[in-house]
Amino acid sequence: MTPDIAPLPTDFASCAPRASRLDALARQLGTGPSGSCVRWRGWGTHHTGRAPLVLLHGGHGNWLHWVRNIEALAADRPVWVPDMPGYGDSDALGEGGFDTLVERLTAGIAHLPGAQSQGIDLAGFSFGGLVAAHLAARAALATDETVARIHHLLLLGPAGHGGARRPRGALQDWHAAAQAQDHAALAAIMRHNLLMHMLHDEAALDDEALAIHTRACQATRFRSKRLSRAGGLQSLLAAHAGPVAAVWGAHDVTADPAQAAALVGCPAQVIPGAGHWVQYEAAAQVDAWLRDALAGD
């Protein structure tokens, strides 16, 4: 489960106290056998009146992509966030590929408390949006009663739309700095990459965002770029019978929001002033959007 490059000796707790506090409060759950275990964290798990909400992170991410949203969403329902296979604290995929990733998550969801009896609501960010669409399509076609039903499907800056991207600038390779244990150089590269790809407003790039992004990149063992840039999202959504909605930051570099919304073909909202990591940069607006989209379930 450990990344190939050892993390630098930064004080993560002081840089990201909210993340450390949430980690300490989480209910920890591992699904799958040793060597193919998926690590889940849950909050609000004492709530039993509503179906669990599952949140999927993006590529080069982990559960902390949702660090600014978890508490608000777990106020009245169970919220479960995995490190997807090949990311964070979950085991690597080994010889398996994307299908194995989807299979492990499908099996893991079935073990979440309340999932089989109540089904789940599912939200996915970036690559996680594409993964969520695959999970929903698979659930819609499943004849196995152990596969949990998926009600609402909510996509945040989803990959797989097949439309144009709007790069802000080239990303920099951070591996040499990490291998050299050059903390200053690594931080500078991660700051650059966050502004080129994840965040729009430099004011949003705080110590927490830098610490989260650095830790997540170093623990990434599955490369999602090829899958993210391919199409196919529309056909997956067509297989899902439940409600679907999407949201983009107005400055998302992975899509032209208006074009992508038309391609995806579902109700969509665009949040001004935000970039790709919209639920971090515009947490309050995204929390409100999610609550509204999930209302009445």
# chains A, B, ... in the order shown; residues from 1 in each chain; ligands from 1
call {"tool": "select_by_dssp", "arguments": {"residues": "range 32-270 of chain A", "states": "strand (DSSP E)", "output": "PyMOL selection string"}}
result
chain A and resi 38-43+53-56+79-83+120-125+150-156+244-249+268-270
call {"tool": "closest_atom_pairs", "arguments": {"of": "range 157-213 of chain A", "to": "range 114-127 of chain A", "cutoff": "9 Å", "atoms": "only C-alpha atoms", "output": "CSV"}}
result
residue,atom,partner,partner_atom,distance
A:Gly157,CA,A:Ser126,CA,5.1
A:Pro158,CA,A:Ser126,CA,4.1
A:Ala159,CA,A:Ser126,CA,5.0
A:Gly160,CA,A:Phe127,CA,7.8
call {"tool": "write_last_selection", "arguments": {"atoms": "N, CA and C atoms", "output": "mmCIF file, in the first residue's frame"}}
result
data_model
loop_
_atom_site.group_PDB
_atom_site.id
_atom_site.type_symbol
_atom_site.label_atom_id
_atom_site.label_comp_id
_atom_site.auth_asym_id
_atom_site.auth_seq_id
_atom_site.Cartn_x
_atom_site.Cartn_y
_atom_site.Cartn_z
ATOM 1 N N GLY A 157 -16.915 17.961 -12.350
ATOM 2 C CA GLY A 157 -15.826 18.038 -13.321
ATOM 3 C C GLY A 157 -15.456 16.686 -13.871
ATOM 4 N N PRO A 158 -16.438 15.890 -14.335
ATOM 5 C CA PRO A 158 -16.158 14.489 -14.654
ATOM 6 C C PRO A 158 -15.247 14.317 -15.859
ATOM 7 N N ALA A 159 -14.441 13.284 -15.807
ATOM 8 C CA ALA A 159 -13.643 12.860 -16.954
ATOM 9 C C ALA A 159 -14.516 12.030 -17.885
ATOM 10 N N GLY A 160 -13.997 11.799 -19.096
ATOM 11 C CA GLY A 160 -14.670 10.918 -20.030
ATOM 12 C C GLY A 160 -15.713 11.565 -20.906
#
call {"tool": "residues_around", "arguments": {"residues": "Val81 in chain A", "least_positions_apart": "3", "cutoff": "7 Å", "atoms": "only C-alpha atoms", "output": "number ranges by chain"}}
result
A: 40-42, 54-56, 63
call {"tool": "write_last_selection", "arguments": {"atoms": "C-alpha atoms", "output": "PDB file, in the first residue's frame"}}
result
ATOM      1  CA  TRP A  40     -12.784   3.208   3.310  1.00  0.00           C
ATOM      2  CA  ARG A  41     -13.425   6.006   5.783  1.00  0.00           C
ATOM      3  CA  GLY A  42     -16.903   6.760   7.065  1.00  0.00           C
ATOM      4  CA  VAL A  54     -20.295   7.458  -1.426  1.00  0.00           C
ATOM      5  CA  LEU A  55     -17.751  10.020  -2.669  1.00  0.00           C
ATOM      6  CA  LEU A  56     -15.035   9.102  -5.183  1.00  0.00           C
ATOM      7  CA  TRP A  63     -10.199  10.635   0.134  1.00  0.00           C
TER       8      TRP A  63
END
call {"tool": "select_by_dssp", "arguments": {"residues": "range 42-200 of chain A", "states": "helix (DSSP H, G or I)", "output": "compact mmCIF listing (two decimals) with N, CA and C atoms, in the first residue's frame"}}
result
# COMPACT_ATOMS: atom_id res chain seq x y z
N TRP A 63 -8.96 10.19 -0.51
CA TRP A 63 -10.20 10.63 0.13
C TRP A 63 -10.18 12.12 0.47
N LEU A 64 -8.97 12.69 0.59
CA LEU A 64 -8.85 14.08 0.99
C LEU A 64 -9.28 15.07 -0.09
N HIS A 65 -9.56 14.61 -1.29
CA HIS A 65 -10.17 15.51 -2.27
C HIS A 65 -11.50 16.07 -1.76
N TRP A 66 -12.08 15.41 -0.75
CA TRP A 66 -13.39 15.81 -0.21
C TRP A 66 -13.27 16.41 1.20
N ILE A 70 -16.87 16.83 3.72
CA ILE A 70 -17.31 15.66 4.47
C ILE A 70 -18.20 16.02 5.65
N GLU A 71 -17.79 16.99 6.46
CA GLU A 71 -18.55 17.29 7.67
C GLU A 71 -19.95 17.78 7.36
N ALA A 72 -20.08 18.65 6.39
CA ALA A 72 -21.41 19.16 6.04
C ALA A 72 -22.29 18.05 5.50
N LEU A 73 -21.75 17.17 4.69
CA LEU A 73 -22.55 16.12 4.08
C LEU A 73 -22.89 15.01 5.07
N PHE A 98 -8.28 -1.26 -15.20
CA PHE A 98 -9.44 -0.47 -14.81
C PHE A 98 -10.63 -1.34 -14.43
N ASP A 99 -10.86 -2.43 -15.14
CA ASP A 99 -11.99 -3.31 -14.81
C ASP A 99 -11.84 -3.84 -13.38
N THR A 100 -10.62 -4.15 -12.99
CA THR A 100 -10.39 -4.63 -11.63
C THR A 100 -10.69 -3.54 -10.62
N LEU A 101 -10.32 -2.30 -10.94
CA LEU A 101 -10.63 -1.18 -10.06
C LEU A 101 -12.13 -1.08 -9.82
N VAL A 102 -12.90 -1.16 -10.90
CA VAL A 102 -14.36 -1.07 -10.79
C VAL A 102 -14.92 -2.26 -10.02
N GLU A 103 -14.39 -3.45 -10.28
CA GLU A 103 -14.86 -4.64 -9.58
C GLU A 103 -14.62 -4.54 -8.07
N ARG A 104 -13.45 -4.06 -7.68
CA ARG A 104 -13.14 -3.96 -6.24
C ARG A 104 -14.04 -2.93 -5.56
N LEU A 105 -14.32 -1.84 -6.25
CA LEU A 105 -15.21 -0.85 -5.65
C LEU A 105 -16.64 -1.38 -5.56
N THR A 106 -17.09 -2.07 -6.60
CA THR A 106 -18.43 -2.65 -6.56
C THR A 106 -18.56 -3.60 -5.38
N ALA A 107 -17.57 -4.46 -5.20
CA ALA A 107 -17.60 -5.40 -4.08
C ALA A 107 -17.51 -4.67 -2.75
N GLY A 108 -16.69 -3.61 -2.70
CA GLY A 108 -16.56 -2.87 -1.46
C GLY A 108 -17.84 -2.17 -1.05
N ILE A 109 -18.53 -1.57 -2.01
CA ILE A 109 -19.79 -0.88 -1.73
C ILE A 109 -20.79 -1.84 -1.10
N ALA A 110 -20.81 -3.08 -1.56
CA ALA A 110 -21.75 -4.07 -1.03
C ALA A 110 -21.53 -4.33 0.46
N ALA A 115 -25.90 -0.39 2.58
CA ALA A 115 -25.85 -0.27 1.13
C ALA A 115 -26.76 -1.28 0.44
N GLN A 116 -26.75 -2.52 0.89
CA GLN A 116 -27.56 -3.53 0.22
C GLN A 116 -29.05 -3.34 0.49
N SER A 117 -29.40 -2.88 1.68
CA SER A 117 -30.82 -2.71 2.00
C SER A 117 -31.39 -1.41 1.47
N GLN A 118 -30.58 -0.35 1.44
CA GLN A 118 -31.08 0.97 1.06
C GLN A 118 -30.54 1.47 -0.27
N PHE A 127 -11.68 11.98 -12.52
CA PHE A 127 -11.62 10.57 -12.87
C PHE A 127 -12.62 9.77 -12.06
N GLY A 128 -12.85 10.18 -10.82
CA GLY A 128 -13.84 9.52 -9.99
C GLY A 128 -15.25 9.64 -10.54
N GLY A 129 -15.53 10.71 -11.31
CA GLY A 129 -16.82 10.82 -11.96
C GLY A 129 -17.00 9.76 -13.03
N LEU A 130 -15.94 9.50 -13.79
CA LEU A 130 -16.00 8.44 -14.78
C LEU A 130 -16.15 7.08 -14.11
N VAL A 131 -15.41 6.86 -13.03
CA VAL A 131 -15.55 5.61 -12.29
C VAL A 131 -16.98 5.46 -11.76
N ALA A 132 -17.53 6.54 -11.23
CA ALA A 132 -18.90 6.50 -10.71
C ALA A 132 -19.89 6.11 -11.80
N ALA A 133 -19.70 6.63 -13.00
CA ALA A 133 -20.59 6.30 -14.11
C ALA A 133 -20.48 4.81 -14.46
N HIS A 134 -19.27 4.26 -14.43
CA HIS A 134 -19.10 2.83 -14.66
C HIS A 134 -19.80 2.02 -13.58
N LEU A 135 -19.67 2.43 -12.32
CA LEU A 135 -20.33 1.71 -11.23
C LEU A 135 -21.84 1.75 -11.39
N ALA A 136 -22.38 2.91 -11.78
CA ALA A 136 -23.82 3.04 -11.94
C ALA A 136 -24.33 2.20 -13.09
N ALA A 137 -23.60 2.19 -14.20
CA ALA A 137 -24.00 1.38 -15.35
C ALA A 137 -23.96 -0.10 -15.00
N ARG A 138 -22.92 -0.50 -14.27
CA ARG A 138 -22.81 -1.90 -13.87
C ARG A 138 -23.94 -2.28 -12.93
N ALA A 139 -24.26 -1.39 -11.97
CA ALA A 139 -25.34 -1.69 -11.02
C ALA A 139 -26.68 -1.81 -11.73
N ALA A 140 -26.90 -0.96 -12.76
CA ALA A 140 -28.17 -0.98 -13.48
C ALA A 140 -28.38 -2.29 -14.22
N LEU A 141 -27.30 -2.93 -14.64
CA LEU A 141 -27.39 -4.16 -15.43
C LEU A 141 -27.22 -5.41 -14.58
N HIS A 175 8.94 13.98 -9.66
CA HIS A 175 9.55 12.77 -9.12
C HIS A 175 11.01 12.96 -8.71
N ALA A 176 11.79 13.69 -9.51
CA ALA A 176 13.20 13.87 -9.18
C ALA A 176 13.36 14.61 -7.86
N ALA A 177 12.54 15.64 -7.64
CA ALA A 177 12.61 16.39 -6.38
C ALA A 177 12.25 15.51 -5.20
N ALA A 178 11.24 14.64 -5.39
CA ALA A 178 10.85 13.75 -4.30
C ALA A 178 11.94 12.73 -4.00
N GLN A 179 12.53 12.16 -5.05
CA GLN A 179 13.58 11.17 -4.85
C GLN A 179 14.81 11.79 -4.18
N HIS A 183 12.64 19.21 -0.35
CA HIS A 183 11.32 19.66 0.06
C HIS A 183 10.93 20.96 -0.63
N ALA A 184 11.84 21.89 -0.71
CA ALA A 184 11.53 23.20 -1.30
C ALA A 184 11.20 23.07 -2.79
N ALA A 185 12.00 22.28 -3.49
CA ALA A 185 11.75 22.09 -4.92
C ALA A 185 10.44 21.37 -5.16
N LEU A 186 10.17 20.35 -4.35
CA LEU A 186 8.92 19.61 -4.50
C LEU A 186 7.72 20.51 -4.25
N ALA A 187 7.79 21.33 -3.20
CA ALA A 187 6.69 22.23 -2.89
C ALA A 187 6.45 23.22 -4.03
N ALA A 188 7.51 23.73 -4.61
CA ALA A 188 7.37 24.69 -5.72
C ALA A 188 6.70 24.03 -6.92
N ILE A 189 7.08 22.80 -7.22
CA ILE A 189 6.48 22.09 -8.35
C ILE A 189 5.01 21.80 -8.07
N MET A 190 4.70 21.35 -6.86
CA MET A 190 3.32 21.04 -6.53
C MET A 190 2.44 22.29 -6.56
N ARG A 191 2.97 23.42 -6.12
CA ARG A 191 2.22 24.68 -6.20
C ARG A 191 1.93 25.03 -7.66
N HIS A 192 2.94 24.91 -8.49
CA HIS A 192 2.77 25.18 -9.91
C HIS A 192 1.69 24.28 -10.50
N ASN A 193 1.77 23.00 -10.23
CA ASN A 193 0.82 22.05 -10.80
C ASN A 193 -0.60 22.27 -10.30
N LEU A 194 -0.73 22.63 -9.03
CA LEU A 194 -2.06 22.92 -8.50
C LEU A 194 -2.71 24.08 -9.23
N LEU A 195 -1.93 25.11 -9.53
CA LEU A 195 -2.49 26.28 -10.22
C LEU A 195 -2.69 26.02 -11.71
N MET A 196 -1.91 25.15 -12.28
CA MET A 196 -2.09 24.83 -13.69
C MET A 196 -3.29 23.93 -13.92
N HIS A 197 -3.61 23.07 -12.95
CA HIS A 197 -4.60 22.03 -13.21
C HIS A 197 -5.79 22.02 -12.25
N MET A 198 -5.56 22.27 -10.98
CA MET A 198 -6.59 21.99 -9.98
C MET A 198 -7.35 23.23 -9.50
call {"tool": "residues_around", "arguments": {"residues": "range 11-28 of chain A", "least_positions_apart": "6", "cutoff": "9 Å", "atoms": "only C-alpha atoms", "output": "count of residues only"}}
result
21
call {"tool": "closest_residue", "arguments": {"among": "A:Gly169, A:Trp174, A:Asp76, A:Ala293", "to": "His213 in chain A", "atoms": "only C-alpha atoms"}}
result
A:Trp174
call {"tool": "residues_around", "arguments": {"residues": "Ser36 in chain A", "least_positions_apart": "2", "cutoff": "8 Å", "atoms": "only C-alpha atoms", "output": "list in words"}}
result
Gly32, Pro33, Ser34, Val38, Pro85, Ser90, Asp91, Ala92, Leu93 and Arg104 of chain A
call {"tool": "write_last_selection", "arguments": {"atoms": "C-alpha atoms", "output": "compact mmCIF listing (two decimals), in the first residue's frame"}}
result
# COMPACT_ATOMS: atom_id res chain seq x y z
CA GLY A 32 -11.36 -7.26 0.09
CA PRO A 33 -8.59 -9.70 0.97
CA SER A 34 -5.00 -8.80 1.76
CA VAL A 38 -9.81 -1.08 -0.47
CA PRO A 85 -7.61 0.83 -5.72
CA SER A 90 -5.67 1.08 -0.68
CA ASP A 91 -3.71 -1.75 -2.24
CA ALA A 92 -2.31 -1.51 -5.75
CA LEU A 93 -4.09 -3.17 -8.65
CA ARG A 104 -13.14 -3.96 -6.24
call {"tool": "atom_distance", "arguments": {"atom1": "CA of Val270 in chain A", "atom2": "CA of Ala258 in chain A"}}
result
8.3 Å
call {"tool": "atom_distance", "arguments": {"atom1": "CA of Asp173 in chain A", "atom2": "CA of Gly58 in chain A"}}
result
18.6 Å
call {"tool": "atom_distance", "arguments": {"atom1": "CA of Glu281 in chain A", "atom2": "CA of Asp256 in chain A"}}
result
17.8 Å
call {"tool": "residues_around", "arguments": {"residues": "Phe222 in chain A", "least_positions_apart": "2", "cutoff": "7 Å", "atoms": "only C-alpha atoms", "output": "list in words"}}
result
Gly86, Tyr87, Thr220 and Ser224 of chain A
call {"tool": "write_last_selection", "arguments": {"atoms": "N, CA and C atoms", "output": "PDB file, in the first residue's frame"}}
result
ATOM      1  N   GLY A  86      -5.273   1.355  -6.022  1.00  0.00           N
ATOM      2  CA  GLY A  86      -4.130   1.992  -6.665  1.00  0.00           C
ATOM      3  C   GLY A  86      -3.853   3.399  -6.190  1.00  0.00           C
ATOM      4  N   TYR A  87      -4.577   3.835  -5.157  1.00  0.00           N
ATOM      5  CA  TYR A  87      -4.417   5.196  -4.634  1.00  0.00           C
ATOM      6  C   TYR A  87      -4.354   5.157  -3.106  1.00  0.00           C
ATOM      7  N   THR A 220       0.045   7.624  -5.522  1.00  0.00           N
ATOM      8  CA  THR A 220      -0.696   7.201  -6.708  1.00  0.00           C
ATOM      9  C   THR A 220       0.086   6.133  -7.465  1.00  0.00           C
ATOM     10  N   SER A 224      -4.455   7.369 -14.672  1.00  0.00           N
ATOM     11  CA  SER A 224      -5.817   7.487 -15.198  1.00  0.00           C
ATOM     12  C   SER A 224      -5.932   8.374 -16.436  1.00  0.00           C
TER      13      SER A 224
END
call {"tool": "residues_around", "arguments": {"residues": "Gly249 in chain A", "least_positions_apart": "6", "cutoff": "6 Å", "atoms": "only C-alpha atoms", "output": "PyMOL selection string"}}
result
chain A and resi 270-271+274-276+278
call {"tool": "closest_residue", "arguments": {"among": "A:Ala51, A:Ala219, A:Val247, A:Leu153", "to": "Gln279 in chain A", "atoms": "only C-alpha atoms"}}
result
A:Val247
